[in-house]
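Q: I'm passing along start04.txt; it holds compact mmCIF, C-alpha atoms and all ligand atoms.
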```txt
# COMPACT_ATOMS: atom_id res chain seq x y z
CA MET A 17 0.00 0.00 0.00
CA GLU A 18 1.45 3.39 -1.06
CA ILE A 19 0.54 6.59 0.80
CA ILE A 20 1.56 10.13 -0.18
CA PHE A 21 1.60 12.97 2.35
CA TYR A 22 1.57 16.73 1.84
CA HIS A 23 1.16 19.50 4.42
CA PRO A 24 2.79 22.94 4.07
CA THR A 25 3.68 23.30 7.75
CA PHE A 26 3.26 20.00 9.64
CA ASP A 27 6.22 17.93 10.87
CA THR A 28 6.25 15.61 7.84
CA PRO A 29 8.94 13.19 9.12
CA TYR A 30 6.95 12.72 12.35
CA TRP A 31 3.72 12.03 10.45
CA ILE A 32 5.44 9.59 8.11
CA ALA A 33 7.12 7.72 10.98
CA GLN A 34 3.90 7.46 13.03
CA LEU A 35 1.75 6.46 10.05
CA SER A 36 4.29 3.79 9.09
CA LYS A 37 4.12 2.40 12.65
CA GLN A 38 0.31 2.27 12.63
CA LEU A 39 0.06 0.94 9.06
CA PRO A 40 2.92 -1.60 8.90
CA GLY A 41 1.96 -2.74 5.40
CA ALA A 42 2.16 0.77 4.00
CA ASN A 43 4.98 2.70 2.38
CA VAL A 44 4.40 6.35 3.34
CA ARG A 45 6.28 9.08 1.47
CA GLU A 46 6.30 12.83 1.34
CA TRP A 47 4.87 14.01 -1.96
CA LYS A 48 7.17 16.38 -3.77
CA LYS A 49 6.68 18.27 -7.03
CA GLY A 50 7.14 15.90 -9.98
CA ASP A 51 6.31 12.73 -8.01
CA ASN A 52 3.91 10.82 -10.26
CA GLU A 53 4.59 7.40 -8.82
CA HIS A 54 1.59 5.24 -7.88
CA ALA A 55 -0.26 5.92 -4.63
CA ASP A 56 -3.33 4.34 -3.04
CA TYR A 57 -4.08 7.09 -0.48
CA ALA A 58 -3.23 10.78 -0.21
CA LEU A 59 -3.12 12.77 3.05
CA VAL A 60 -3.26 16.46 2.23
CA TRP A 61 -3.72 20.05 3.35
CA HIS A 62 -3.81 22.80 0.69
CA PRO A 63 -2.47 20.30 -1.89
CA PRO A 64 -1.14 21.46 -5.28
CA VAL A 65 -3.54 20.36 -8.05
CA GLU A 66 -0.78 18.30 -9.68
CA MET A 67 -0.40 16.16 -6.56
CA LEU A 68 -3.85 14.61 -7.00
CA GLN A 69 -4.76 15.10 -10.64
CA GLY A 70 -4.82 11.98 -12.78
CA ARG A 71 -4.18 9.59 -9.87
CA ASP A 72 -6.18 6.40 -9.35
CA LEU A 73 -6.47 6.88 -5.60
CA LYS A 74 -8.62 4.82 -3.24
CA ALA A 75 -9.28 7.86 -1.01
CA VAL A 76 -7.99 11.28 0.01
CA PHE A 77 -7.81 12.53 3.62
CA ALA A 78 -7.95 16.26 4.38
CA LEU A 79 -5.79 16.94 7.46
CA GLY A 80 -8.39 19.18 9.11
CA ALA A 81 -12.07 19.47 10.00
CA GLY A 82 -13.07 22.14 7.50
CA VAL A 83 -12.75 21.11 3.86
CA ASP A 84 -13.69 24.45 2.30
CA SER A 85 -10.22 25.14 0.92
CA ILE A 86 -9.89 21.80 -0.91
CA LEU A 87 -13.49 21.97 -2.15
CA SER A 88 -12.97 25.48 -3.55
CA LYS A 89 -9.78 24.29 -5.29
CA LEU A 90 -11.79 21.33 -6.62
CA LYS A 91 -14.47 23.70 -7.95
CA ALA A 92 -11.81 25.46 -10.02
CA ASN A 93 -10.11 22.19 -11.00
CA PRO A 94 -12.81 19.45 -11.15
CA GLU A 95 -10.34 17.02 -12.71
CA MET A 96 -8.18 17.23 -9.57
CA LEU A 97 -10.32 14.66 -7.75
CA PRO A 98 -13.08 12.74 -9.61
CA GLU A 99 -16.30 12.07 -7.67
CA SER A 100 -15.34 8.37 -7.67
CA ILE A 101 -12.52 9.07 -5.21
CA PRO A 102 -13.91 9.62 -1.68
CA LEU A 103 -12.67 12.62 0.32
CA PHE A 104 -12.48 12.26 4.11
CA ARG A 105 -12.02 14.90 6.81
CA LEU A 106 -10.99 14.83 10.48
CA GLU A 107 -13.95 14.39 12.82
CA ASP A 108 -12.93 15.69 16.27
CA THR A 109 -9.52 13.89 16.66
CA GLY A 110 -8.72 16.12 19.64
CA MET A 111 -10.37 19.27 18.26
CA GLY A 112 -13.56 18.80 20.30
CA LEU A 113 -11.76 19.23 23.62
CA GLN A 114 -9.94 22.31 22.34
CA MET A 115 -13.20 23.87 21.21
CA GLN A 116 -14.68 23.11 24.64
CA GLU A 117 -11.73 24.80 26.37
CA TYR A 118 -12.06 27.87 24.17
CA ALA A 119 -15.83 28.23 24.43
CA VAL A 120 -16.18 27.51 28.16
CA SER A 121 -13.35 29.88 29.10
CA GLN A 122 -14.80 32.76 27.07
CA VAL A 123 -18.43 32.22 28.05
CA LEU A 124 -17.42 32.19 31.73
CA HIS A 125 -15.27 35.28 31.15
CA TRP A 126 -18.34 37.14 29.86
CA PHE A 127 -20.76 35.57 32.35
CA ARG A 128 -18.65 36.66 35.34
CA ARG A 129 -18.32 40.13 33.77
CA PHE A 130 -14.52 39.98 33.70
CA ASP A 131 -14.71 42.15 30.57
CA ASP A 132 -16.45 44.87 32.60
CA TYR A 133 -13.98 44.49 35.46
CA GLN A 134 -11.07 44.82 33.02
CA ALA A 135 -12.64 48.03 31.70
CA GLN A 136 -13.04 49.31 35.28
CA GLN A 137 -9.43 48.40 36.03
CA GLN A 138 -8.28 50.61 33.18
CA LYS A 139 -10.00 53.46 35.03
CA SER A 140 -8.73 52.32 38.47
CA GLU A 141 -12.32 51.79 39.49
CA TRP A 142 -13.14 49.50 42.43
CA GLN A 143 -16.81 48.69 41.94
CA PRO A 144 -18.56 45.31 42.39
CA LEU A 145 -21.15 44.79 39.66
CA ALA A 146 -24.52 43.00 39.68
CA ASP A 147 -24.22 39.29 38.82
CA TYR A 148 -25.56 37.90 35.60
CA HIS A 149 -27.93 34.91 35.86
CA ARG A 150 -27.72 31.72 33.82
CA GLU A 151 -31.39 31.94 32.85
CA ASP A 152 -30.55 35.21 31.07
CA PHE A 153 -27.43 33.73 29.42
CA THR A 154 -28.70 31.31 26.79
CA ILE A 155 -26.00 29.89 24.52
CA GLY A 156 -26.94 29.53 20.84
CA ILE A 157 -24.66 27.28 18.74
CA MET A 158 -24.87 27.63 14.95
CA GLY A 159 -23.74 24.33 13.44
CA ALA A 160 -24.48 21.47 15.83
CA GLY A 161 -22.13 18.98 14.27
CA VAL A 162 -19.18 17.13 15.72
CA LEU A 163 -17.58 20.20 17.29
CA GLY A 164 -20.81 22.10 17.99
CA GLY A 165 -22.12 19.06 19.83
CA LYS A 166 -19.01 18.92 22.01
CA VAL A 167 -19.25 22.61 22.84
CA ALA A 168 -22.95 22.21 23.69
CA GLU A 169 -22.11 19.33 26.05
CA SER A 170 -19.47 21.34 27.93
CA LEU A 171 -21.64 24.45 28.36
CA LEU A 172 -24.60 22.35 29.54
CA ALA A 173 -22.25 20.93 32.18
CA TRP A 174 -21.71 24.50 33.43
CA GLY A 175 -25.47 24.94 33.81
CA PHE A 176 -26.14 27.26 30.87
CA PRO A 177 -29.31 26.92 28.80
CA VAL A 178 -28.08 25.71 25.39
CA ARG A 179 -29.79 25.70 22.03
CA CYS A 180 -28.49 24.81 18.56
CA TRP A 181 -29.33 25.60 14.98
CA SER A 182 -28.52 23.35 12.04
CA ARG A 183 -29.91 22.26 8.69
CA SER A 184 -31.65 19.25 10.12
CA ARG A 185 -33.03 18.80 13.61
CA LYS A 186 -30.58 17.37 16.11
CA THR A 187 -31.22 15.28 19.18
CA LEU A 188 -28.58 16.46 21.64
CA PRO A 189 -29.60 15.69 25.25
CA GLY A 190 -30.60 18.90 27.07
CA VAL A 191 -30.19 21.05 23.96
CA GLN A 192 -33.14 22.78 22.27
CA SER A 193 -32.74 22.13 18.55
CA PHE A 194 -33.82 24.58 15.84
CA ALA A 195 -33.58 23.61 12.18
CA GLY A 196 -33.60 25.42 8.85
CA THR A 197 -33.99 29.06 7.88
CA GLU A 198 -37.62 29.08 9.01
CA GLU A 199 -36.56 28.50 12.64
CA LEU A 200 -33.48 30.76 12.65
CA GLY A 201 -35.40 33.75 14.03
CA ASP A 202 -36.77 31.76 16.97
CA PHE A 203 -33.27 30.40 17.63
CA LEU A 204 -31.74 33.88 17.71
CA ARG A 205 -34.44 35.63 19.73
CA GLU A 206 -33.49 34.06 23.06
CA THR A 207 -29.76 33.73 22.33
CA ARG A 208 -27.33 35.81 24.47
CA VAL A 209 -24.05 34.17 23.37
CA LEU A 210 -23.90 33.16 19.71
CA ILE A 211 -21.24 30.55 18.94
CA ASN A 212 -20.48 29.84 15.29
CA LEU A 213 -19.37 26.36 14.31
CA LEU A 214 -20.84 26.16 10.80
CA PRO A 215 -18.91 24.88 7.81
CA ASN A 216 -18.03 27.32 5.04
CA THR A 217 -20.54 26.59 2.29
CA ALA A 218 -22.45 28.62 -0.33
CA GLU A 219 -25.39 28.84 2.13
CA THR A 220 -23.37 29.99 5.13
CA VAL A 221 -21.05 32.65 3.70
CA GLY A 222 -21.98 36.05 5.20
CA ILE A 223 -24.72 34.52 7.33
CA ILE A 224 -23.70 36.50 10.42
CA ASN A 225 -24.69 39.95 9.21
CA LEU A 226 -26.35 42.97 10.86
CA ASP A 227 -29.85 41.63 10.29
CA LEU A 228 -28.96 38.40 12.09
CA LEU A 229 -27.06 40.12 14.91
CA ASN A 230 -29.97 42.52 15.54
CA GLN A 231 -32.21 39.53 16.24
CA LEU A 232 -30.10 38.49 19.24
CA GLN A 233 -30.87 39.51 22.83
CA ASP A 234 -29.59 42.99 23.76
CA ASN A 235 -26.02 43.02 25.17
CA SER A 236 -25.20 39.76 23.37
CA TYR A 237 -21.86 38.25 22.46
CA LEU A 238 -20.43 36.56 19.36
CA LEU A 239 -17.85 33.78 19.49
CA ASN A 240 -16.67 32.87 15.98
CA LEU A 241 -14.83 29.55 15.98
CA ALA A 242 -15.62 28.47 12.40
CA ARG A 243 -14.58 30.59 9.41
CA GLY A 244 -14.14 34.30 8.94
CA VAL A 245 -16.28 34.34 5.78
CA HIS A 246 -19.35 33.63 7.91
CA VAL A 247 -19.16 37.11 9.46
CA VAL A 248 -19.74 40.39 7.64
CA GLU A 249 -17.05 42.25 9.55
CA ASP A 250 -18.42 45.76 8.89
CA ASP A 251 -21.79 44.58 10.23
CA LEU A 252 -20.11 43.14 13.30
CA LEU A 253 -18.45 46.50 13.98
CA GLN A 254 -21.81 48.22 13.48
CA ALA A 255 -23.52 45.89 15.97
CA LEU A 256 -20.73 46.51 18.50
CA ASN A 257 -20.88 50.28 18.02
CA ASP A 258 -24.69 50.19 18.31
CA ASN A 259 -24.15 48.36 21.64
CA LYS A 260 -26.35 45.53 20.35
CA LEU A 261 -23.31 43.31 20.87
CA LYS A 262 -21.49 43.68 24.18
CA GLY A 263 -18.45 41.79 22.96
CA ALA A 264 -16.96 39.46 20.37
CA MET A 265 -14.19 36.91 20.39
CA LEU A 266 -12.91 35.92 16.97
CA ASP A 267 -10.53 33.12 16.04
CA VAL A 268 -11.05 33.36 12.29
CA PHE A 269 -11.26 36.20 9.77
CA SER A 270 -12.25 36.76 6.16
CA ARG A 271 -8.58 37.45 5.43
CA GLU A 272 -5.87 35.70 7.43
CA PRO A 273 -3.57 36.98 8.79
CA LEU A 274 -5.97 39.82 9.62
CA PRO A 275 -4.75 42.91 7.71
CA GLN A 276 -3.04 45.46 9.97
CA GLU A 277 -5.51 48.14 8.91
CA SER A 278 -8.52 46.21 10.22
CA PRO A 279 -10.34 48.19 12.99
CA LEU A 280 -11.02 44.86 14.70
CA TRP A 281 -7.44 44.88 16.07
CA GLN A 282 -8.03 47.88 18.32
CA HIS A 283 -11.73 47.57 19.10
CA PRO A 284 -12.07 47.68 22.94
CA ARG A 285 -14.75 44.94 23.01
CA VAL A 286 -13.16 42.56 20.53
CA VAL A 287 -10.74 39.82 21.58
CA MET A 288 -8.99 37.71 18.95
CA THR A 289 -6.73 34.72 18.40
CA PRO A 290 -4.86 33.71 15.22
CA HIS A 291 -6.92 30.70 14.04
CA ILE A 292 -5.80 28.44 16.86
CA ALA A 293 -9.11 27.49 18.47
CA ALA A 294 -8.69 23.82 17.61
CA VAL A 295 -5.64 22.53 15.78
CA THR A 296 -5.07 19.09 14.30
CA ARG A 297 -3.61 16.83 16.99
CA PRO A 298 -1.19 14.46 15.16
CA GLN A 299 -1.60 11.45 17.47
CA GLU A 300 -5.39 11.45 17.36
CA ALA A 301 -5.48 12.31 13.65
CA ILE A 302 -3.00 9.59 12.71
CA ALA A 303 -4.90 7.00 14.75
CA TYR A 304 -8.17 8.01 13.00
CA ILE A 305 -6.60 7.90 9.54
CA ALA A 306 -4.90 4.53 10.17
CA ARG A 307 -8.18 3.11 11.52
CA THR A 308 -10.13 4.44 8.55
CA ILE A 309 -7.68 3.17 5.92
CA THR A 310 -7.69 -0.25 7.60
CA GLY A 311 -11.49 -0.21 7.49
CA LEU A 312 -11.53 0.83 3.83
CA GLU A 313 -9.11 -1.95 2.97
CA ARG A 314 -11.44 -4.43 4.66
CA GLY A 315 -14.46 -3.02 2.85
CA ASP A 316 -16.01 -1.75 6.10
CA HIS A 317 -18.28 1.28 6.33
CA VAL A 318 -16.24 4.15 7.78
CA SER A 319 -17.19 7.66 8.99
CA GLY A 320 -15.84 11.07 8.01
CA GLN A 321 -16.57 11.08 4.29
CA VAL A 322 -17.27 14.53 2.88
CA ASP A 323 -20.51 15.09 0.96
CA ARG A 324 -19.20 17.26 -1.84
CA GLN A 325 -22.65 18.41 -2.94
CA ARG A 326 -23.44 19.55 0.60
CA GLY A 327 -20.01 21.12 0.91
CA TYR A 328 -18.96 19.57 4.23
N1 LIG B 401 -11.12 27.78 14.20
C1 LIG B 401 -10.60 26.57 14.19
O1 LIG B 401 -9.46 26.35 14.65
C2 LIG B 401 -11.41 25.42 13.62
C3 LIG B 401 -11.01 24.11 13.88
C4 LIG B 401 -11.79 23.06 13.40
C5 LIG B 401 -12.94 23.34 12.66
N2 LIG B 401 -13.26 24.63 12.41
C6 LIG B 401 -14.48 24.93 11.66
O2 LIG B 401 -15.57 24.32 12.32
C7 LIG B 401 -16.48 23.80 11.34
C8 LIG B 401 -17.34 22.72 11.94
O3 LIG B 401 -16.57 21.56 12.19
P1 LIG B 401 -17.34 20.17 12.53
O4 LIG B 401 -16.30 19.10 12.54
O5 LIG B 401 -18.22 20.36 13.71
O6 LIG B 401 -18.25 20.02 11.21
P2 LIG B 401 -19.59 19.16 11.06
O7 LIG B 401 -19.77 18.98 9.59
O8 LIG B 401 -19.55 17.99 11.96
O9 LIG B 401 -20.74 20.14 11.61
C9 LIG B 401 -21.24 21.19 10.82
C10 LIG B 401 -22.66 21.45 11.27
O10 LIG B 401 -23.16 22.59 10.60
C11 LIG B 401 -24.49 22.34 10.18
N3 LIG B 401 -24.75 23.06 8.93
C12 LIG B 401 -24.11 22.88 7.76
N4 LIG B 401 -24.64 23.69 6.83
C13 LIG B 401 -25.65 24.38 7.43
C14 LIG B 401 -26.58 25.35 7.01
N5 LIG B 401 -26.59 25.79 5.75
N6 LIG B 401 -27.47 25.84 7.91
C15 LIG B 401 -27.47 25.40 9.18
N7 LIG B 401 -26.61 24.47 9.66
C16 LIG B 401 -25.71 23.97 8.78
C17 LIG B 401 -24.59 20.85 9.97
O11 LIG B 401 -25.89 20.43 10.23
C18 LIG B 401 -23.60 20.29 10.98
O12 LIG B 401 -24.31 20.00 12.15
C19 LIG B 401 -15.56 23.34 10.22
O13 LIG B 401 -16.23 23.32 8.97
C20 LIG B 401 -14.46 24.41 10.24
O14 LIG B 401 -14.80 25.45 9.35
C21 LIG B 401 -12.54 25.67 12.87
O1 LIG B 402 -10.79 23.33 9.85
C1 LIG B 402 -9.82 23.07 10.58
O2 LIG B 402 -9.43 21.92 10.89
C2 LIG B 402 -9.06 24.21 11.18
O3 LIG B 402 -9.77 25.41 11.01
C3 LIG B 402 -7.73 24.32 10.51
O4 LIG B 402 -7.92 24.96 9.31
```
What does the file become when written as structure tokens?
A:
Amino acid sequence: MEIIFYHPTFDTPYWIAQLSKQLPGANVREWKKGDNEHADYALVWHPPVEMLQGRDLKAVFALGAGVDSILSKLKANPEMLPESIPLFRLEDTGMGLQMQEYAVSQVLHWFRRFDDYQAQQQKSEWQPLADYHREDFTIGIMGAGVLGGKVAESLLAWGFPVRCWSRSRKTLPGVQSFAGTEELGDFLRETRVLINLLPNTAETVGIINLDLLNQLQDNSYLLNLARGVHVVEDDLLQALNDNKLKGAMLDVFSREPLPQESPLWQHPRVVMTPHIAAVTRPQEAIAYIARTITGLERGDHVSGQVDRQRGY
């Protein structure tokens, strides 16, 4: 079994060594420009078109959870990966726990009004503030998939009311599920903290705009953990300046790195991180990929295949 590997920044020798250990029958090699030798599987992130085009692969594995970048490359180069070759993505593989850490820490930060106390500190003010109450702090998760479900679980454990919105109705214990555009308004109306964990698809680009933000509770918060293209950044600034939004924490941006001239950098009620909310954990990812390839070789049904029509 021949496996080719390409990632612009990962520790390729480590990945090759660990994959070889977990798939003893495989020969794993780093793909380099000009390598047209046979391969059965390709493990990729932002692959050059020539790496995949014309290959008779059994399957391709994207080395992340979001497959928007490879799907947009595929749209421009359909011959890169024929429909007959399944594309898989990473489901959780250590990203769920990271998303839980990120979401719980920030929701608690806002719930305990540490943002207000930081603002008071800047003015050397010593003033206890009225507590917020959980019943007034409903969490609304857009995109109740693998990662959204994990975040919902962790915030439920902290006693917050949690609701989710997705294309189809979900049955997550303790979580009120809203589905489809017809239920989006009802979902938003009671939401105080909006957490975005949608995939980047034609339907979701620009979904978090001023109209949507104005449907949230007053003094709400936005936590964007998915993709920057979901948020209309000018509308976000407008909602902040209108005091509709009390704060925002953003891990992803429509352009990354965020251009220096963006007003988001200096906004007093915006906190940001450089697309690190949940990174691919090699050990968990390699174990998942090895397990999945073994299953494919045995003809088993395996999870994680991308529905290219759906876009995720
Ligand atoms: N910031 C980071 O570091 C980071 C890390 C990992 C993943 N992500 C992002 O998180 C996203 C979600 O990851 P996941 O593994 O949970 O994906 P997933 O496919 O398991 O879940 C996506 C959810 O979104 C819902 N959805 C899709 N299209 C929708 C639509 N049009 N309307 C309403 N709901 C819709 C689906 O029902 C599904 O529940 C990824 O696509 C990626 O963009 C970001
Ligand atoms: O989708 C993912 O896995 C992360 O956002 C890395 O791009």
Q: What's the 8 Å shell around segment 292-309 of chain A, counting only C-alpha atoms, without same-chain residues fewer than 6 positions away, as a PyMOL selection string?
A: chain A and resi 31+34-35+38-39+77+79-80+106+109-112+114-115+118+241+267+318-319
Q: Measure the distance from atom CA of His23 of chain A to atom CA of Glu219 of chain A in Å and round it to one decimal.
A: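 Distance reported for this atom pair: 28.2 Å.
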Q: Write out as number ranges by chain which residues come within 8 Å of Tyr57 of chain A when counting all atoms listed in the file, dropping same-chain ones fewer than 6 positions away.
A: A: 18-20, 73-77
Q: Using only C-alpha atoms, pick whichever of A:Asp84, A:Glu313, A:Asp27, A:Asp258 has the shortest atom-to-atom distance to Asn216 of chain A.
A: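 Looking only at the distances to Asn216 of chain A, the closest residue turns out to be A:Asp84.
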Q: Could you check the closest approach to Asn230 of chain A for each of A:Glu117, A:Asp108, A:Glu198, A:Asp251 and tell me which residue wins, using all atoms listed in the file?
A: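 Selected residue with least distance to Asn230 of chain A: A:Asp251.
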Q: Could you state the separation of atom CA of Arg314 of chain A and atom CA of Leu90 of chain A in Å, given to one decimal place?
A: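 Separation of atom CA of Arg314 of chain A and atom CA of Leu90 of chain A: 28.1 Å.
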